[in-house]
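Visitor: What follows is a single structure, and I will ask about it in a moment.
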Amino acid sequence: RGALERALGRVTEAERTLEEALWAAEASRHDEVAADALLALLELESEDLLRRGEARRLWARLSAALRRLGDAGRREVAAQAGYARALLREGDVAAALEQSTAALRRGEQLFGANHPRLVPLLLDLAAAAQAQGQAEDARRHAARASEIAAVALPPDHPDHARALAVAGDLARARGEPAAARALYDAALAIYARIYGQDHPDMSLPLLGRGLAAAGELRWSEAAEDLRRAAAAWEHVHGPDSPRLIEPLTARCAVESALGEHAAAQRACGRAIALAARAQVPAQAAVARFALARAITGEASSRGDASPETRAQAIAVAQQGLDDAARADDAPLVAAISGWIAAQRQAGASGMP
């Protein structure tokens with residue numbers, strides 16, 4: 001029931017149901033169900049609620065339950081993979097890479113080197129390697145996932161689509177937006193044949209395609225893809241889901257580029273509120289930085305170079321800088337600090 005409630009986006013009910021399942025399992029010493037409930041809670045806390053620190057707390061109990069089970073096999077692989085994804089979302093990239101590697105090695109021991117169960121493990125490992133700056137390793141893991149899927153899975157299996165979407169993410173990170181867009185198109189075509197239009201699984205490739213379009217200054221296409229990505233997630237997970245933070249933040253920049261300044265600032269304001277509620281300072285920092293630039297973009301479009309408007313934008317960016325410092329995100333700190341310095345210098349020199 002907890003899994004169904006989560007799939008329907010009823011995350012508060014799902015959390016309560018899974019806690020009840022865990023209590024019943026531990027009270028009756030049913031370690032298999034305890035491990036399943038703990039893994040489901042870990043994924044819900046990290047993926048849907050974005051609660052920092054909860055993954056580590058639950059992992060201590062989950063790993064203990066797995067140890068009591070002895071040879072937990074598939075549960076162990078699923079648990080290591082779920083924990084790795086949670087660590088990656090929290091920004092602990094080195095630990096995520098270590099856990100993803102361990103999950104893959106255990107999966108290879110259990111299933112063999114070319115089993116389709118390895119496909120999601122390889123894609124998780126590719127994402128962690130990319131975040132660690134190991135672009136060639138990421139490409140290699142994603143390519144191996146695609147090769148296994150091509151042999152072992154039917155053409156319209158969702159893992160094919162995910163492999164294409166991950167390859168799209170890697171191409172976009174390499175600065176190849178056209179290649180990325182082609183890969184996202186292929187992923188979305190598979191999802192459309194499986195699910196129809198705008199299923200939540202389509203949100204990540206829609207988000208990626210929107211970001212790729214923005215990278216090519218194709219603002220209208222970017223806006224439509226980002227709108228669809230947010231709508232598909234919101235339909236299932238509700239308007240307060242932290243999953244909406246990234247597409248809303250991206251829409252802020254895109255709407256601003258389109259001259260839709262009020263819409264841009266609404267999107268950023270909503271992203272900031274969701275990030276604050278979910279207590280994810282890195283995402284709050286990105287959203288505040290986008291809002292600051294949207295404010296200056298609107299001011300520039302109407303020829304407003306007033307000190308008050310510039311001060312407002314700098315104040316918003318400073319809040320983002322504080323969030324970035326709390327998140328210990330050095331590149332983001334540097335980017336926001338540089339922007340603030342440039343704005344102050346422009347104000348001092350009387351530039352628009």
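For the structure tokens, the naming scheme is as follows: chains receive sequential letters (A, B, ...) according to their order of presentation, residues are indexed from 1 within each chain, and ligands are indexed from 1 in presentation order.
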Applying 7 Å and only C-alpha atoms, which residues near range 279-284 of chain A remain after dropping the ones on its own chain fewer than 5 positions away? List them as a PDB file with N, CA and C atoms, in the first residue's frame.
Guide:
```pdb
ATOM      1  N   ILE A 272      11.958  28.894  -5.168  1.00  0.00           N
ATOM      2  CA  ILE A 272      12.600  29.267  -3.908  1.00  0.00           C
ATOM      3  C   ILE A 272      11.787  28.767  -2.725  1.00  0.00           C
ATOM      4  N   GLY A 320      21.144  34.027  -2.096  1.00  0.00           N
ATOM      5  CA  GLY A 320      21.577  32.831  -2.806  1.00  0.00           C
ATOM      6  C   GLY A 320      23.008  32.469  -2.471  1.00  0.00           C
ATOM      7  N   ASP A 323      23.036  30.713   0.784  1.00  0.00           N
ATOM      8  CA  ASP A 323      22.575  29.324   0.609  1.00  0.00           C
ATOM      9  C   ASP A 323      23.676  28.459   0.002  1.00  0.00           C
ATOM     10  N   ALA A 324      24.368  28.991  -1.015  1.00  0.00           N
ATOM     11  CA  ALA A 324      25.436  28.225  -1.669  1.00  0.00           C
ATOM     12  C   ALA A 324      26.566  27.924  -0.698  1.00  0.00           C
ATOM     13  N   ARG A 326      26.191  27.579   2.561  1.00  0.00           N
ATOM     14  CA  ARG A 326      25.698  26.523   3.460  1.00  0.00           C
ATOM     15  C   ARG A 326      25.772  25.155   2.798  1.00  0.00           C
ATOM     16  N   ALA A 327      25.551  25.132   1.491  1.00  0.00           N
ATOM     17  CA  ALA A 327      25.606  23.867   0.751  1.00  0.00           C
ATOM     18  C   ALA A 327      27.037  23.455   0.429  1.00  0.00           C
TER      19      ALA A 327
END
```
Visitor: Find the residues around Ala95 in chain A up to 12 Å (only C-alpha atoms counted), leave out those fewer than 4 positions away in its own chain, and share them as a ChimeraX atom specification.
Guide: /A:56,80-81,83-91,99-102,125,128-129,131-132
Visitor: Show me, as a ChimeraX atom specification, the residues that have an atom within 6 Å of range 146-160 of chain A when counting only C-alpha atoms, minus same-chain residues fewer than 3 positions from it.
Guide: /A:114,116,143,163,190
Visitor: Name the residues in contact with range 36-38 of chain A at a cut-off of 7 Å, using only C-alpha atoms, excluding same-chain residues fewer than 5 positions from it; report them as a ChimeraX atom specification.
Guide: /A:18,21-22,58,62
Visitor: What is the CA of Glu43 in chain A to CA of Ala138 in chain A distance in Å?
Guide: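 Distance reported for this atom pair: 23.0 Å.
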Visitor: Point out the residue among A:Leu207, A:Leu104, A:Ala271, A:Ala64 with the least atom-to-atom distance to Glu26 in chain A, counting only C-alpha atoms.
Guide: A:Ala64
